[in-house]
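Undergrad: Handing you a structure now.
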Amino acid sequence: GVLIMPKKLITPEDLYQLKHVEDPQVSPDGRWVAYVVRTLDRLENAYVRHIWLHDLTAPHRLPRQFTFGAKSDLGPRWRPDGRALAFVSLRGGKPQIYQIALDGGEAQALTHQANGATNPTWSPDGRQLAFLSNVHADERTAEDQGQTPGPPDDALAARHARERQEDEEARKADPRVIKTLPYRTGTAYSDGRHQHIYVVPVSTEGIVGTPRRITDGEQSYTHIEWFPDCRAILSSQ
């Protein structure tokens, strides 16, 4: 006879077992694919993302998890030589861009932006990394005058800087002065910041230069596309 298994209804607990694959990125030599696995953290009741690697030349091998930790890692982008990945991590609170070698080791912070950094995009020669970061007019003026603080010395200094910034933001919003429309997205108020493009030099030895902003004005940029000669970037607003 035929054994008929009873159907099992999906329950809320089943959601914690589901895994979603996102953002596959093939290495320049075509051997590896890096991708993001999204899971649901039961204790935090929030999604967590980590980067995984799969060897396309050995499909019988199981994929391996490449990044770990309680905070999310996402947006993997291959360095043009295929020997390292840039990615966005929330391990320090706000999103920042890190680099990690294909053979593993400790991830290296490439950005220390006060408001975070996203969308890492390598130049074709692998010597520069463009990214997006939110800044308002006063912060852009401070950057232009060379008054931007350097990267924190350690995790404690980073936390104190973040707490000072959050305190200043809270004081500015009491009372909140609305000068532009739209002033809110959903339940979140606009903070007057716009997304701008930055470029930072990065050597293959891991020496990171100082980021410089290459856009300005009261508008946001949403895309980064390098010209083949690495002398210009195309973007959209």
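Simple scheme: letters A, B, ... for chains in structure tokens order, numbers from 1 for residues in each chain, numbers from 1 for ligands in the order shown.
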Which residues of region 31-90 of chain A come within 8 Å of region 5-23 of chain A, and what is each one's closest atom pair and distance in Å (one decimal), counting only C-alpha atoms, sorted by chain and residue number, as a Markdown table?
TA:
| residue | atom | partner | partner_atom | distance |
| --- | --- | --- | --- | --- |
| A:Tyr35 | CA | A:Asp23 | CA | 5.5 |
| A:Val36 | CA | A:Glu22 | CA | 5.0 |
| A:Val37 | CA | A:Val21 | CA | 4.7 |
| A:Arg38 | CA | A:His20 | CA | 5.0 |
| A:Thr39 | CA | A:Lys19 | CA | 5.1 |
| A:Leu40 | CA | A:Tyr16 | CA | 5.4 |
| A:Asp41 | CA | A:Tyr16 | CA | 7.1 |
| A:Arg42 | CA | A:Tyr16 | CA | 6.7 |
| A:Gly75 | CA | A:Asp23 | CA | 6.9 |
| A:Pro76 | CA | A:Asp23 | CA | 7.8 |
Undergrad: Quick one: residues within 6 Å of region 201-218 of chain A, only C-alpha atoms counted, chain neighbours fewer than 3 positions away excluded, as an mmCIF file with N, CA, C and O atoms, in the first residue's frame?
TA:
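Output file out07.cif is given in full below:
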data_model
loop_
_atom_site.group_PDB
_atom_site.id
_atom_site.type_symbol
_atom_site.label_atom_id
_atom_site.label_comp_id
_atom_site.auth_asym_id
_atom_site.auth_seq_id
_atom_site.Cartn_x
_atom_site.Cartn_y
_atom_site.Cartn_z
ATOM 1 N N ARG A 127 41.952 49.753 -6.526
ATOM 2 C CA ARG A 127 42.725 50.650 -5.671
ATOM 3 C C ARG A 127 41.871 51.646 -4.901
ATOM 4 O O ARG A 127 42.379 52.330 -4.009
ATOM 5 N N GLN A 128 40.596 51.746 -5.266
ATOM 6 C CA GLN A 128 39.702 52.676 -4.593
ATOM 7 C C GLN A 128 38.360 52.003 -4.329
ATOM 8 O O GLN A 128 37.948 51.098 -5.051
ATOM 9 N N HIS A 196 25.398 60.825 0.099
ATOM 10 C CA HIS A 196 26.434 61.307 -0.815
ATOM 11 C C HIS A 196 27.488 60.232 -1.080
ATOM 12 O O HIS A 196 27.611 59.258 -0.327
ATOM 13 N N ILE A 197 28.228 60.448 -2.163
ATOM 14 C CA ILE A 197 29.240 59.476 -2.595
ATOM 15 C C ILE A 197 30.605 59.864 -2.042
ATOM 16 O O ILE A 197 31.028 61.024 -2.147
ATOM 17 N N TYR A 198 31.283 58.886 -1.481
ATOM 18 C CA TYR A 198 32.649 59.043 -0.979
ATOM 19 C C TYR A 198 33.555 58.044 -1.696
ATOM 20 O O TYR A 198 33.096 56.993 -2.156
#
Undergrad: Could you name the residues that touch region 106-109 of chain A at 8 Å or less, counting only C-alpha atoms, but leaving out those on the same chain fewer than 5 positions away, as an mmCIF file with N, CA, C and O atoms, in the first residue's frame?
TA:
data_model
loop_
_atom_site.group_PDB
_atom_site.id
_atom_site.type_symbol
_atom_site.label_atom_id
_atom_site.label_comp_id
_atom_site.auth_asym_id
_atom_site.auth_seq_id
_atom_site.Cartn_x
_atom_site.Cartn_y
_atom_site.Cartn_z
ATOM 1 N N GLN A 96 29.011 49.927 8.704
ATOM 2 C CA GLN A 96 30.314 50.349 8.198
ATOM 3 C C GLN A 96 30.809 49.288 7.219
ATOM 4 O O GLN A 96 30.338 48.151 7.215
ATOM 5 N N ILE A 97 31.784 49.669 6.401
ATOM 6 C CA ILE A 97 32.310 48.763 5.381
ATOM 7 C C ILE A 97 33.607 48.144 5.876
ATOM 8 O O ILE A 97 34.502 48.840 6.372
ATOM 9 N N TYR A 98 33.681 46.829 5.732
ATOM 10 C CA TYR A 98 34.849 46.057 6.146
ATOM 11 C C TYR A 98 35.399 45.293 4.946
ATOM 12 O O TYR A 98 34.721 45.110 3.930
ATOM 13 N N GLN A 99 36.633 44.836 5.100
ATOM 14 C CA GLN A 99 37.274 43.988 4.091
ATOM 15 C C GLN A 99 37.800 42.737 4.774
ATOM 16 O O GLN A 99 38.345 42.811 5.879
ATOM 17 N N ILE A 100 37.625 41.606 4.110
ATOM 18 C CA ILE A 100 38.138 40.350 4.651
ATOM 19 C C ILE A 100 38.716 39.530 3.509
ATOM 20 O O ILE A 100 38.153 39.481 2.407
ATOM 21 N N ALA A 101 39.869 38.914 3.750
ATOM 22 C CA ALA A 101 40.537 38.121 2.721
ATOM 23 C C ALA A 101 39.778 36.826 2.473
ATOM 24 O O ALA A 101 39.097 36.293 3.356
ATOM 25 N N GLY A 206 46.177 46.426 2.577
ATOM 26 C CA GLY A 206 45.250 46.802 3.628
ATOM 27 C C GLY A 206 45.444 48.201 4.166
ATOM 28 O O GLY A 206 44.841 48.571 5.178
#
Undergrad: Which residue, A:Ala130, A:Ala34, A:Ala188, A:Ala70, has the smallest gap to Leu53 (chain A) when you use only C-alpha atoms?
TA: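 Under the stated criterion, the closest residue is A:Ala34.
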Undergrad: For region 32-114 of chain A against region 134-143 of chain A, with a cut-off of 12 Å and counting only C-alpha atoms, what is the closest atom pair and its distance in Å to one decimal for every residue that makes the cut, ordered by chain and number, as CSV?
TA:
residue,atom,partner,partner_atom,distance
A:Lys94,CA,A:Asn134,CA,11.6
A:Pro95,CA,A:Asn134,CA,11.3
A:Gln113,CA,A:Asn134,CA,8.9
A:Ala114,CA,A:Val135,CA,8.8
Undergrad: With only C-alpha atoms as the atoms that count, which of A:His54, A:Phe66, A:Ser89, A:Gly126 lies nearest to Gly105 (chain A)?
TA: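 Result for the nearest residue to Gly105 (chain A): A:Phe66.
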Undergrad: Using DSSP on the backbone coordinates, identify all residues within region 9-212 of chain A classified as strand (DSSP E); present the result as an NGL selection string.
TA: :A and (20-26 or 32-41 or 46-55 or 64-65 or 73-78 or 84-89 or 96-101 or 108-109 or 118-122 or 128-135 or 184-185 or 188-189 or 194-201 or 212)
